[in-house]
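Peer 1: The file below is model32.pdb, PDB, C-alpha atoms:
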ATOM      1  CA  MET V   1       0.000   0.000   0.000  1.00  0.00           C
ATOM      2  CA  ALA V   2       1.260   3.487  -0.790  1.00  0.00           C
ATOM      3  CA  ILE V   3      -0.075   5.078   2.431  1.00  0.00           C
ATOM      4  CA  ILE V   4       2.070   4.372   5.478  1.00  0.00           C
ATOM      5  CA  LEU V   5       0.890   4.945   9.039  1.00  0.00           C
ATOM      6  CA  ARG V   6       3.477   6.546  11.325  1.00  0.00           C
ATOM      7  CA  LEU V   7       1.351   6.527  14.465  1.00  0.00           C
ATOM      8  CA  ASP V   8       3.937   4.476  16.360  1.00  0.00           C
ATOM      9  CA  ARG V   9       6.598   7.124  15.724  1.00  0.00           C
ATOM     10  CA  VAL V  10       4.363  10.009  16.828  1.00  0.00           C
ATOM     11  CA  MET V  11       3.303   8.103  19.946  1.00  0.00           C
ATOM     12  CA  ALA V  12       6.943   7.423  20.819  1.00  0.00           C
ATOM     13  CA  ASP V  13       7.834  11.096  20.310  1.00  0.00           C
ATOM     14  CA  ARG V  14       4.977  12.109  22.640  1.00  0.00           C
ATOM     15  CA  LYS V  15       5.812   9.307  25.117  1.00  0.00           C
ATOM     16  CA  ILE V  16       2.222   8.080  25.228  1.00  0.00           C
ATOM     17  CA  LEU V  17       1.195   4.460  25.656  1.00  0.00           C
ATOM     18  CA  LEU V  18      -1.347   2.677  23.494  1.00  0.00           C
ATOM     19  CA  ASN V  19      -3.891   2.265  26.316  1.00  0.00           C
ATOM     20  CA  GLN V  20      -3.603   5.936  27.284  1.00  0.00           C
ATOM     21  CA  LEU V  21      -4.190   7.119  23.725  1.00  0.00           C
ATOM     22  CA  ALA V  22      -7.048   4.659  23.198  1.00  0.00           C
ATOM     23  CA  ARG V  23      -8.779   6.049  26.283  1.00  0.00           C
ATOM     24  CA  GLN V  24      -8.294   9.659  25.147  1.00  0.00           C
ATOM     25  CA  VAL V  25      -9.485   8.938  21.607  1.00  0.00           C
ATOM     26  CA  GLY V  26     -12.400   6.736  22.681  1.00  0.00           C
ATOM     27  CA  ILE V  27     -11.562   3.613  20.691  1.00  0.00           C
ATOM     28  CA  SER V  28     -10.564   0.157  21.828  1.00  0.00           C
ATOM     29  CA  PRO V  29      -6.879  -0.638  22.359  1.00  0.00           C
ATOM     30  CA  VAL V  30      -7.240  -3.444  19.777  1.00  0.00           C
ATOM     31  CA  ASN V  31      -8.467  -1.028  17.094  1.00  0.00           C
ATOM     32  CA  LEU V  32      -5.742   1.473  17.952  1.00  0.00           C
ATOM     33  CA  SER V  33      -3.145  -1.296  17.819  1.00  0.00           C
ATOM     34  CA  ASN V  34      -4.375  -2.222  14.335  1.00  0.00           C
ATOM     35  CA  LEU V  35      -3.971   1.409  13.292  1.00  0.00           C
ATOM     36  CA  LYS V  36      -0.536   1.599  14.844  1.00  0.00           C
ATOM     37  CA  THR V  37       0.693  -1.501  13.031  1.00  0.00           C
ATOM     38  CA  GLY V  38      -0.896  -0.574   9.697  1.00  0.00           C
ATOM     39  CA  LYS V  39      -3.307  -3.506   9.631  1.00  0.00           C
ATOM     40  CA  VAL V  40      -6.245  -1.351   8.527  1.00  0.00           C
ATOM     41  CA  LYS V  41      -7.609  -0.406   5.122  1.00  0.00           C
ATOM     42  CA  ALA V  42      -9.359   2.796   6.238  1.00  0.00           C
ATOM     43  CA  ILE V  43      -9.609   5.316   9.050  1.00  0.00           C
ATOM     44  CA  ARG V  44     -12.563   7.529   9.894  1.00  0.00           C
ATOM     45  CA  PHE V  45     -11.916  11.247   9.813  1.00  0.00           C
ATOM     46  CA  SER V  46     -13.467  11.528  13.277  1.00  0.00           C
ATOM     47  CA  THR V  47     -10.900   9.013  14.597  1.00  0.00           C
ATOM     48  CA  LEU V  48      -8.044  10.803  12.829  1.00  0.00           C
ATOM     49  CA  ASP V  49      -9.302  14.105  14.262  1.00  0.00           C
ATOM     50  CA  ALA V  50      -9.393  12.663  17.800  1.00  0.00           C
ATOM     51  CA  ILE V  51      -5.889  11.182  17.443  1.00  0.00           C
ATOM     52  CA  CYS V  52      -4.463  14.452  16.155  1.00  0.00           C
ATOM     53  CA  HIS V  53      -6.177  16.349  18.975  1.00  0.00           C
ATOM     54  CA  ALA V  54      -4.814  13.975  21.629  1.00  0.00           C
ATOM     55  CA  LEU V  55      -1.272  13.967  20.188  1.00  0.00           C
ATOM     56  CA  HIS V  56      -1.226  17.662  19.242  1.00  0.00           C
ATOM     57  CA  CYS V  57      -0.145  16.839  15.692  1.00  0.00           C
ATOM     58  CA  GLN V  58      -1.231  17.156  12.077  1.00  0.00           C
ATOM     59  CA  PRO V  59      -2.614  14.297   9.932  1.00  0.00           C
ATOM     60  CA  GLY V  60       0.566  14.505   7.850  1.00  0.00           C
ATOM     61  CA  ASP V  61       2.569  13.562  10.941  1.00  0.00           C
ATOM     62  CA  ILE V  62       0.689  10.249  11.075  1.00  0.00           C
ATOM     63  CA  LEU V  63       0.080   9.497   7.393  1.00  0.00           C
ATOM     64  CA  GLU V  64       2.784   9.298   4.767  1.00  0.00           C
ATOM     65  CA  TYR V  65       2.553   8.630   1.040  1.00  0.00           C
ATOM     66  CA  GLU V  66       5.171   6.448  -0.567  1.00  0.00           C
ATOM     67  CA  GLU V  67       5.257   5.949  -4.333  1.00  0.00           C
ATOM     68  CA  GLU V  68       4.829   2.317  -5.312  1.00  0.00           C
ATOM     69  CA  GLU V  69       7.356   0.987  -7.767  1.00  0.00           C
ATOM     70  CA  ASN V  70       6.082  -0.691 -10.932  1.00  0.00           C
ATOM     71  CA  ILE V  71       7.431  -4.195 -11.248  1.00  0.00           C
TER      72      ILE V  71
END
Can the structure from this file be put into structure tokens for me?
Peer 2:
Amino acid sequence: MAIILRLDRVMADRKILLNQLARQVGISPVNLSNLKTGKVKAIRFSTLDAICHALHCQPGDILEYEEEENI
């Protein structure tokens, strides 16, 4: 996939644990873990908004686009 989630990096920079962020955002730790590890196909804007609010960051800090190479 060309979109890479960098949530783990932002969480590490902010020194926040998964359970703490899940509580602040209002989603389950399992769902947040799936986001953190990139095991999701989509994210709701309301969830992205809550994550950015809790981490005091921009969506671009969490999401990154990487060009896929043609094989």
Peer 1: Convert the output of the PyMOL selection byres ((chain V and resi 64) around 12) on the shown file into explicit residues, formatted as a list in words.
Peer 2: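 When the PyMOL selection byres ((chain V and resi 64) around 12) is applied, the selected residues are Met1, Ala2, Ile3, Ile4, Leu5, Arg6, Leu7, Arg9, Gly38, Gln58, Pro59, Gly60, Asp61, Ile62, Leu63, Tyr65, Glu66 and Glu67 of chain V.
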Peer 1: Report, as lines of an AutoDock Vina configuration file, the centre and edge lengths in Å (one decimal) of the axis-aligned box enclosing every listed atom of segment 10-25 of chain V, padded by 8 Å on each side.
Peer 2:
center_x = -0.8
center_y = 7.2
center_z = 22.1
size_x = 33.3
size_y = 25.8
size_z = 26.5
Peer 1: Would you list the contacts of segment 10-19 of chain V as a PyMOL selection string, taking every protein, DNA or RNA residue within 12 Å and counting only C-alpha atoms, but skipping same-chain residues closer than 6 positions in sequence?
Peer 2: chain V and resi 25-37+51-52+54-63
Peer 1: Given the selection you just returned, output its residues as a file containing C-alpha atoms, formatted as a PDB file, in the coordinates of the input.
Peer 2:
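And here is the file that came out, selection10.pdb:
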ATOM      1  CA  VAL V  25      -9.485   8.938  21.607  1.00  0.00           C
ATOM      2  CA  GLY V  26     -12.400   6.736  22.681  1.00  0.00           C
ATOM      3  CA  ILE V  27     -11.562   3.613  20.691  1.00  0.00           C
ATOM      4  CA  SER V  28     -10.564   0.157  21.828  1.00  0.00           C
ATOM      5  CA  PRO V  29      -6.879  -0.638  22.359  1.00  0.00           C
ATOM      6  CA  VAL V  30      -7.240  -3.444  19.777  1.00  0.00           C
ATOM      7  CA  ASN V  31      -8.467  -1.028  17.094  1.00  0.00           C
ATOM      8  CA  LEU V  32      -5.742   1.473  17.952  1.00  0.00           C
ATOM      9  CA  SER V  33      -3.145  -1.296  17.819  1.00  0.00           C
ATOM     10  CA  ASN V  34      -4.375  -2.222  14.335  1.00  0.00           C
ATOM     11  CA  LEU V  35      -3.971   1.409  13.292  1.00  0.00           C
ATOM     12  CA  LYS V  36      -0.536   1.599  14.844  1.00  0.00           C
ATOM     13  CA  THR V  37       0.693  -1.501  13.031  1.00  0.00           C
ATOM     14  CA  ILE V  51      -5.889  11.182  17.443  1.00  0.00           C
ATOM     15  CA  CYS V  52      -4.463  14.452  16.155  1.00  0.00           C
ATOM     16  CA  ALA V  54      -4.814  13.975  21.629  1.00  0.00           C
ATOM     17  CA  LEU V  55      -1.272  13.967  20.188  1.00  0.00           C
ATOM     18  CA  HIS V  56      -1.226  17.662  19.242  1.00  0.00           C
ATOM     19  CA  CYS V  57      -0.145  16.839  15.692  1.00  0.00           C
ATOM     20  CA  GLN V  58      -1.231  17.156  12.077  1.00  0.00           C
ATOM     21  CA  PRO V  59      -2.614  14.297   9.932  1.00  0.00           C
ATOM     22  CA  GLY V  60       0.566  14.505   7.850  1.00  0.00           C
ATOM     23  CA  ASP V  61       2.569  13.562  10.941  1.00  0.00           C
ATOM     24  CA  ILE V  62       0.689  10.249  11.075  1.00  0.00           C
ATOM     25  CA  LEU V  63       0.080   9.497   7.393  1.00  0.00           C
TER      26      LEU V  63
END
Peer 1: One number please: atom CA of Glu68 of chain V to atom CA of Ala50 of chain V, in Å, one decimal.
Peer 2: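 A separation of 29.0 Å between them.
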Peer 1: Hey, can you check how far atom CA of Asn70 of chain V sits from atom CA of Ile43 of chain V?
Peer 2: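 Separation between atom CA of Asn70 of chain V and atom CA of Ile43 of chain V: 26.1 Å.
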